[in-house]
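Note sheet for the following structure.
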Amino acid sequence: MNKIYKVLATASIFALAAVPVAASAQEVPPAAAQSGQGQVQNETKVVPATWGQITNFVNDKTGKFVTVTGRGLAPSDQSQIILAITPETKIIDARGKSVPLKTVIDEKKVVKAFYGPNITKSLPARGTALTLVVQDKSFTAIDGTVSEVRENGILVKGTDIYTSNEDTILLHLADKATILSQDGKALTSGDIKEGTSIRAFYGPEVAMSLPPQAGTNYVIVNTEDTGSGETGNTDQELKAGTDGIVTNTADGKVTVVGKAHDKGGVNYVILSVDDKTQIVDEDGKALTKDALKADIRVDAYYSDIMTMIYPAQTHAGKIVVKKAETVKIEGTVKASDRASADQVYVNVGSDDSIDNDVILNISKDTPVIPTMGGDTKLRPGTKIIAYHSPIMTKSIPGITNAEAIIVTSDADTVQPK
């Protein structure tokens with residue numbers, strides 16, 4: 001395992017199950033905080049919150065944003081959210097003392113991030129941070145499969161949600177551990193069976209045994225899992241998917257951008273591909289991994305249990321390679337009176353020529369993917385990679401339908417007045 005653990009005495013490991021990883025899920029900041037959109041008071045939680053680590057930070061002309069990844073303080077809250085940091089946002093420790101945001105990020109501090117109720121329906125959702133309460137204790141979490149149920153715990157094999165490293169750990173359930181289904185329903189330890197997909201939070205103490213051991217008091221169980229874990233090779237498991245384009249292949253993984261399936265999925269995902277992944281063409285003929293190349297069209301199917309970092313990562317259960325052609329351009333969005341409200345003018349090649357420029361039709365279904373989780377506004381100056389329909393008008397510039405747009409940089413964008 002690619003971690004540095006705090007070593008525990010072997011005799012103390014069985015006490016971990018009785019010690020909560022952190023306090024009750026209903027804890028709130030010690031002091032009231034208000035910002036127009038909601039209020040946090042002692043004893044009562046009246047605003048949503050996410051409990052976890054900051055996994056991404058953006059500070060540019062569009063504003064200052066953090067991505068918090070972990071779990072909702074209440075079952076209905078977000079497990080991952082992008083939050084705008086404003087001058088009104090309070091960043092404090094448990095005693096109410098101000099903490100610099102840079103310290104929180106550099107030291108990978110766990111925070112309880114309270115935010116207003118007005119959030120977007122995107123994945124991850126976006127909102128405005130009211131208060132970040134920096135925690136004294138840290139934790140980590142694993143997305144994986146229960147490979148063995150023992151008397152003293154569950155053996156889990158999977159991926160650390162913060163580092164993406166592969167992990168195997170024996171987890172001891174606390175006496176009053178919170179065990180929930182993926183839709184927030186209360187479960188018992190008896191619902192955790194061999195082959196079940198789970199997300200479990202544990203730490204900071206981890207015993208350096210073989211396998212490593214830790215206590216957990218918060219587990220999310222995928223109750224619809226049929227027992228194959230992350231392999232995802234049954235129709236019931238393959239509930240999520242992305243119909244799109246492969247933008248990158250490396251180290252046994254493919255990156256796919258496109259339209260999420262109606263039943264679930266994300267528009268930007270990194271999929272691990274192995275011998276258990278079914279790769280076929282549109283006629284169902286088996287293909288090898290060599291068929292997965294950049295800029296091809298695919299329909300990818302996977303489990304809805306995935307690492308909630310940006311972009312999301314999971315195992316590919318099935319990938320259908322399509323015959324349809326892809327057309328890709330790279331360039332800079334340019335202000336032009338030739339483009340309407342639902343179009344963007346692209347200076348292809350970011351050069352002085354207009355002969356190869358393109359006007360892209362943008363619909364509500366066009367996925368716009370910020371590679372670092374930033375802004376999705378296609379303002380003049382934004383550098384993009386765009387995939388579009390091979391059908392284009394013969395005008396100069398040509399007009400065509402955008403199928404997916406990747407924002408590679410917004411550092412030079414022109415901000416609205």
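Chains: A, B, ... in order of the structure tokens. Residues: from 1 per chain. Ligands: from 1, in order shown.
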
Selection: 10 Å around stretch 236-251 of chain A, only C-alpha atoms, excl. self and same-chain fewer than 4 positions, as a short mmCIF file (atom, residue, chain, number, x, y, z; two decimals) with N, CA, C and O atoms, in the first residue's frame:
data_model
loop_
_atom_site.label_atom_id
_atom_site.label_comp_id
_atom_site.auth_asym_id
_atom_site.auth_seq_id
_atom_site.Cartn_x
_atom_site.Cartn_y
_atom_site.Cartn_z
N ASN A 222 -23.46 -0.44 -1.32
CA ASN A 222 -24.21 -0.52 -2.58
C ASN A 222 -25.10 -1.76 -2.51
O ASN A 222 -24.68 -2.86 -2.82
N GLU A 224 -27.49 -2.69 -4.30
CA GLU A 224 -27.90 -3.27 -5.57
C GLU A 224 -26.79 -4.07 -6.23
O GLU A 224 -26.98 -4.63 -7.30
N ASP A 225 -25.62 -4.13 -5.58
CA ASP A 225 -24.49 -4.89 -6.12
C ASP A 225 -24.82 -6.38 -6.08
O ASP A 225 -25.34 -6.89 -5.10
N THR A 226 -24.51 -7.10 -7.13
CA THR A 226 -24.84 -8.52 -7.21
C THR A 226 -23.73 -9.42 -6.71
O THR A 226 -23.88 -10.63 -6.68
N GLY A 227 -22.59 -8.86 -6.36
CA GLY A 227 -21.55 -9.69 -5.78
C GLY A 227 -20.26 -9.75 -6.55
O GLY A 227 -19.31 -10.38 -6.11
N SER A 228 -20.21 -9.13 -7.71
CA SER A 228 -18.98 -9.18 -8.49
C SER A 228 -18.09 -7.98 -8.24
O SER A 228 -17.04 -7.82 -8.83
N GLY A 229 -18.56 -7.08 -7.36
CA GLY A 229 -17.74 -5.93 -7.01
C GLY A 229 -17.49 -5.03 -8.18
O GLY A 229 -18.36 -4.79 -8.99
N GLU A 230 -16.26 -4.54 -8.30
CA GLU A 230 -15.97 -3.53 -9.30
C GLU A 230 -15.86 -4.09 -10.70
O GLU A 230 -15.72 -3.37 -11.66
N THR A 231 -15.90 -5.43 -10.87
CA THR A 231 -15.79 -5.98 -12.21
C THR A 231 -16.95 -5.55 -13.07
O THR A 231 -16.80 -5.36 -14.27
N GLY A 232 -18.15 -5.41 -12.46
CA GLY A 232 -19.28 -4.82 -13.17
C GLY A 232 -19.63 -5.51 -14.44
O GLY A 232 -19.84 -4.88 -15.46
N THR A 255 -9.81 7.56 -20.75
CA THR A 255 -10.61 8.70 -20.34
C THR A 255 -11.70 8.91 -21.37
O THR A 255 -11.44 8.97 -22.58
N VAL A 256 -12.94 9.01 -20.90
CA VAL A 256 -14.09 9.16 -21.79
C VAL A 256 -14.86 10.43 -21.42
O VAL A 256 -15.15 10.67 -20.24
N VAL A 257 -15.16 11.26 -22.43
CA VAL A 257 -16.03 12.43 -22.23
C VAL A 257 -17.23 12.28 -23.15
O VAL A 257 -17.11 11.75 -24.26
N GLY A 258 -18.36 12.72 -22.69
CA GLY A 258 -19.56 12.62 -23.51
C GLY A 258 -20.81 12.81 -22.70
O GLY A 258 -20.82 13.54 -21.71
N LYS A 259 -21.87 12.12 -23.08
CA LYS A 259 -23.16 12.26 -22.43
C LYS A 259 -23.38 11.11 -21.46
O LYS A 259 -23.25 9.94 -21.83
N ALA A 260 -23.72 11.43 -20.22
CA ALA A 260 -24.01 10.39 -19.24
C ALA A 260 -25.30 9.66 -19.62
O ALA A 260 -26.23 10.26 -20.16
N HIS A 261 -25.35 8.36 -19.32
CA HIS A 261 -26.56 7.59 -19.58
C HIS A 261 -27.72 8.12 -18.73
O HIS A 261 -27.51 8.66 -17.63
N ASP A 262 -28.91 7.96 -19.22
CA ASP A 262 -30.10 8.44 -18.51
C ASP A 262 -30.24 7.78 -17.14
O ASP A 262 -30.74 8.38 -16.19
N LYS A 263 -29.80 6.51 -17.02
CA LYS A 263 -29.96 5.78 -15.76
C LYS A 263 -28.84 6.07 -14.76
O LYS A 263 -28.88 5.60 -13.63
N GLY A 264 -27.84 6.85 -15.19
CA GLY A 264 -26.75 7.18 -14.28
C GLY A 264 -25.43 7.25 -15.02
O GLY A 264 -25.26 6.70 -16.11
N GLY A 265 -24.47 7.92 -14.41
CA GLY A 265 -23.15 8.07 -15.02
C GLY A 265 -22.70 9.51 -14.95
O GLY A 265 -23.38 10.38 -14.40
N VAL A 266 -21.52 9.77 -15.50
CA VAL A 266 -20.96 11.12 -15.50
C VAL A 266 -20.47 11.43 -16.91
O VAL A 266 -20.27 10.53 -17.73
N ASN A 267 -20.28 12.72 -17.19
CA ASN A 267 -19.85 13.09 -18.55
C ASN A 267 -18.33 13.14 -18.70
O ASN A 267 -17.83 13.43 -19.78
N TYR A 268 -17.61 12.84 -17.61
CA TYR A 268 -16.14 12.86 -17.65
C TYR A 268 -15.66 11.79 -16.67
O TYR A 268 -15.86 11.91 -15.47
N VAL A 269 -15.05 10.73 -17.19
CA VAL A 269 -14.71 9.60 -16.33
C VAL A 269 -13.42 8.93 -16.81
O VAL A 269 -13.14 8.89 -18.01
N ILE A 270 -12.64 8.45 -15.85
CA ILE A 270 -11.45 7.65 -16.15
C ILE A 270 -11.78 6.21 -15.78
O ILE A 270 -12.15 5.92 -14.64
N LEU A 271 -11.65 5.30 -16.74
CA LEU A 271 -12.04 3.92 -16.56
C LEU A 271 -10.82 3.01 -16.62
O LEU A 271 -10.03 3.07 -17.56
N SER A 272 -10.67 2.16 -15.59
CA SER A 272 -9.61 1.15 -15.64
C SER A 272 -10.13 -0.03 -16.47
O SER A 272 -11.29 -0.43 -16.36
N VAL A 273 -9.26 -0.54 -17.31
CA VAL A 273 -9.61 -1.62 -18.23
C VAL A 273 -8.70 -2.80 -17.95
O VAL A 273 -7.47 -2.65 -17.91
N LEU A 292 -8.99 0.18 -28.17
CA LEU A 292 -9.28 1.39 -27.42
C LEU A 292 -8.18 2.42 -27.67
O LEU A 292 -7.11 2.37 -27.07
N LYS A 293 -8.47 3.36 -28.55
CA LYS A 293 -7.51 4.38 -28.92
C LYS A 293 -8.13 5.77 -28.74
O LYS A 293 -9.35 5.91 -28.70
N ALA A 294 -7.28 6.76 -28.65
CA ALA A 294 -7.77 8.13 -28.50
C ALA A 294 -8.58 8.54 -29.72
O ALA A 294 -8.29 8.13 -30.86
N ASP A 295 -9.62 9.32 -29.49
CA ASP A 295 -10.48 9.93 -30.51
C ASP A 295 -11.44 8.96 -31.17
O ASP A 295 -12.02 9.26 -32.21
N ILE A 296 -11.67 7.77 -30.57
CA ILE A 296 -12.71 6.89 -31.08
C ILE A 296 -13.99 7.08 -30.26
O ILE A 296 -13.95 7.51 -29.12
N ARG A 297 -15.11 6.73 -30.85
CA ARG A 297 -16.39 6.81 -30.16
C ARG A 297 -16.68 5.49 -29.45
O ARG A 297 -16.46 4.41 -30.02
N VAL A 298 -17.17 5.61 -28.24
CA VAL A 298 -17.49 4.40 -27.47
C VAL A 298 -18.76 4.62 -26.66
O VAL A 298 -19.20 5.76 -26.44
N ASP A 299 -19.34 3.52 -26.23
CA ASP A 299 -20.41 3.54 -25.24
C ASP A 299 -19.88 2.70 -24.08
O ASP A 299 -19.69 1.49 -24.20
N ALA A 300 -19.56 3.37 -22.97
CA ALA A 300 -18.92 2.71 -21.83
C ALA A 300 -19.93 2.47 -20.72
O ALA A 300 -20.71 3.37 -20.37
N TYR A 301 -19.90 1.26 -20.15
CA TYR A 301 -20.80 0.89 -19.05
C TYR A 301 -19.96 0.57 -17.81
O TYR A 301 -18.91 -0.06 -17.90
N TYR A 302 -20.47 1.00 -16.66
CA TYR A 302 -19.72 0.78 -15.42
C TYR A 302 -20.67 0.84 -14.23
O TYR A 302 -21.83 1.28 -14.36
N SER A 303 -20.16 0.41 -13.07
CA SER A 303 -20.94 0.49 -11.84
C SER A 303 -21.07 1.93 -11.40
O SER A 303 -20.22 2.77 -11.72
N ASP A 304 -22.15 2.24 -10.66
CA ASP A 304 -22.30 3.61 -10.17
C ASP A 304 -21.52 3.84 -8.88
O ASP A 304 -21.59 4.92 -8.29
N ILE A 305 -20.75 2.84 -8.42
CA ILE A 305 -19.84 3.04 -7.30
C ILE A 305 -18.50 3.47 -7.88
O ILE A 305 -17.85 2.71 -8.60
N ALA A 316 -14.25 -0.29 -15.80
CA ALA A 316 -15.11 -0.46 -16.97
C ALA A 316 -15.61 -1.89 -17.02
O ALA A 316 -14.82 -2.84 -17.09
N GLY A 317 -16.93 -2.07 -16.96
CA GLY A 317 -17.50 -3.40 -17.10
C GLY A 317 -17.63 -3.80 -18.56
O GLY A 317 -17.36 -4.94 -18.92
N LYS A 318 -18.04 -2.85 -19.39
CA LYS A 318 -18.23 -3.14 -20.81
C LYS A 318 -17.98 -1.87 -21.62
O LYS A 318 -18.38 -0.78 -21.21
N ILE A 319 -17.31 -2.01 -22.75
CA ILE A 319 -17.07 -0.89 -23.65
C ILE A 319 -17.43 -1.32 -25.07
O ILE A 319 -16.90 -2.30 -25.59
N VAL A 320 -18.36 -0.58 -25.67
CA VAL A 320 -18.75 -0.84 -27.07
C VAL A 320 -18.04 0.18 -27.96
O VAL A 320 -18.23 1.39 -27.80
N VAL A 321 -17.22 -0.32 -28.87
CA VAL A 321 -16.47 0.55 -29.78
C VAL A 321 -17.33 0.81 -31.02
O VAL A 321 -17.79 -0.12 -31.67
N LYS A 322 -17.54 2.08 -31.33
CA LYS A 322 -18.41 2.46 -32.45
C LYS A 322 -17.61 2.76 -33.71
O LYS A 322 -16.42 3.07 -33.67
N THR A 326 -14.95 10.56 -35.75
CA THR A 326 -14.84 11.73 -34.87
C THR A 326 -14.01 12.80 -35.57
O THR A 326 -13.07 12.49 -36.31
N PRO A 367 -21.83 18.39 -23.68
CA PRO A 367 -21.02 18.40 -22.45
C PRO A 367 -19.83 19.34 -22.59
O PRO A 367 -19.09 19.27 -23.57
N ILE A 385 -10.48 22.04 -26.62
CA ILE A 385 -10.46 20.95 -27.59
C ILE A 385 -11.92 20.60 -27.82
O ILE A 385 -12.67 20.41 -26.85
N TYR A 387 -14.84 18.26 -30.06
CA TYR A 387 -15.23 17.20 -31.00
C TYR A 387 -16.58 17.61 -31.60
O TYR A 387 -17.49 18.04 -30.87
N GLU A 403 -20.14 18.19 -30.21
CA GLU A 403 -20.55 16.97 -29.53
C GLU A 403 -19.93 16.85 -28.15
O GLU A 403 -20.51 16.25 -27.25
N ALA A 404 -18.76 17.42 -27.94
CA ALA A 404 -18.12 17.49 -26.62
C ALA A 404 -17.04 18.55 -26.68
O ALA A 404 -16.31 18.66 -27.68
N ILE A 406 -13.82 20.26 -24.36
CA ILE A 406 -12.93 20.17 -23.20
C ILE A 406 -12.23 21.51 -23.04
O ILE A 406 -11.55 21.98 -23.95
#

Those of stretch 101-300 of chain A in DSSP helix (DSSP H, G or I), formatted as number ranges by chain:
A: 101-106, 189-191, 229-231, 289-291

Please, what distance in Å, to one decimal, runs between atom CA of A:Glu194 and atom CA of A:Gly153?
11.7 Å

Of the residues A:Lys176, A:Arg71, A:Lys394, A:Lys102, which is the one nearest to A:Ile161, using only C-alpha atoms?
A:Arg71

Skipping near chain neighbours, those fewer than 2 positions away, what residues fall within 7 Å of A:Thr216 using only C-alpha atoms, listed as a list of chain:residue names?
A:Ala17, A:Val21, A:Leu171, A:His172, A:Leu173, A:Ala174, A:Ala200, A:Phe201, A:Tyr202, A:Ala214, A:Tyr218

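Proximity of A:Val58, A:Ile82, A:Ile399, A:Val111 to A:Val346, computed with only C-alpha atoms, is greatest for A:Ile399.
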
Write out as a VMD selection string the set of residues from stretch 304-360 of chain A that DSSP, computed on the backbone, places in strand (DSSP E or B).
chain A and resid 307 312 to 321 327 to 334 343 to 348 358 to 360

Given only C-alpha atoms as the counted atoms, nearest of A:Ile192, A:Ala177, A:Val47, A:Ala186 to A:Asn118
A:Val47

Just want the 12 Å neighbourhood of A:Asn347, counted on only C-alpha atoms, with same-chain residues fewer than 4 positions away dropped. Output as a list in words.
Ile329, Glu330, Gly331, Thr332, Val333, Lys334, Ala335, Ser336, Asp351, Asp352, Ser353, Ile354, Asp355, Asn356, Asp357, Val358, Ile359, Leu360, Pro380, Gly381, Thr382, Lys383, Ile384, Ile385, Ala386, Pro397 and Gly398 of chain A

Spatial neighbours of A:Asp143, max dist 7 Å, only C-alpha atoms, sep filter under 2 positions, as a ChimeraX atom specification:
/A:141,158-161,198-200,306-307

Go through A:Pro75, A:Pro370, A:Pro390, A:Gly127 one by one, measure the shortest atom-to-atom distance of each to A:Val407 using only C-alpha atoms, and give the residue with the smallest value.
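Selected residue with least distance to A:Val407: A:Pro370.
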
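Atom pair atom CA of A:Glu166 / atom CA of A:Thr140 has a distance of 13.1 Å (rounded to one decimal).
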
Just want the 9 Å neighbourhood of A:Ser147, counted on only C-alpha atoms, with same-chain residues fewer than 6 positions away dropped. Output as a PyMOL selection string.
chain A and resi 154-157+193-196+229

Pick from A:Thr168, A:Ser197, A:Thr145, A:Asn59: nearest to A:Gln213, with only C-alpha atoms counted?
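Using only C-alpha atoms, the shortest distance to A:Gln213 belongs to A:Thr168.
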
With distances taken over only C-alpha atoms, which of A:Gln53, A:Asn401, A:Thr376, A:Ser350 is nearest to A:Thr163?
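Smallest distance to A:Thr163 is found for A:Gln53.
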
Atom CA of A:Glu148 to atom CA of A:Ile179: how many Å, to one decimal?
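According to the coordinates, atom CA of A:Glu148 and atom CA of A:Ile179 are separated by 17.5 Å.
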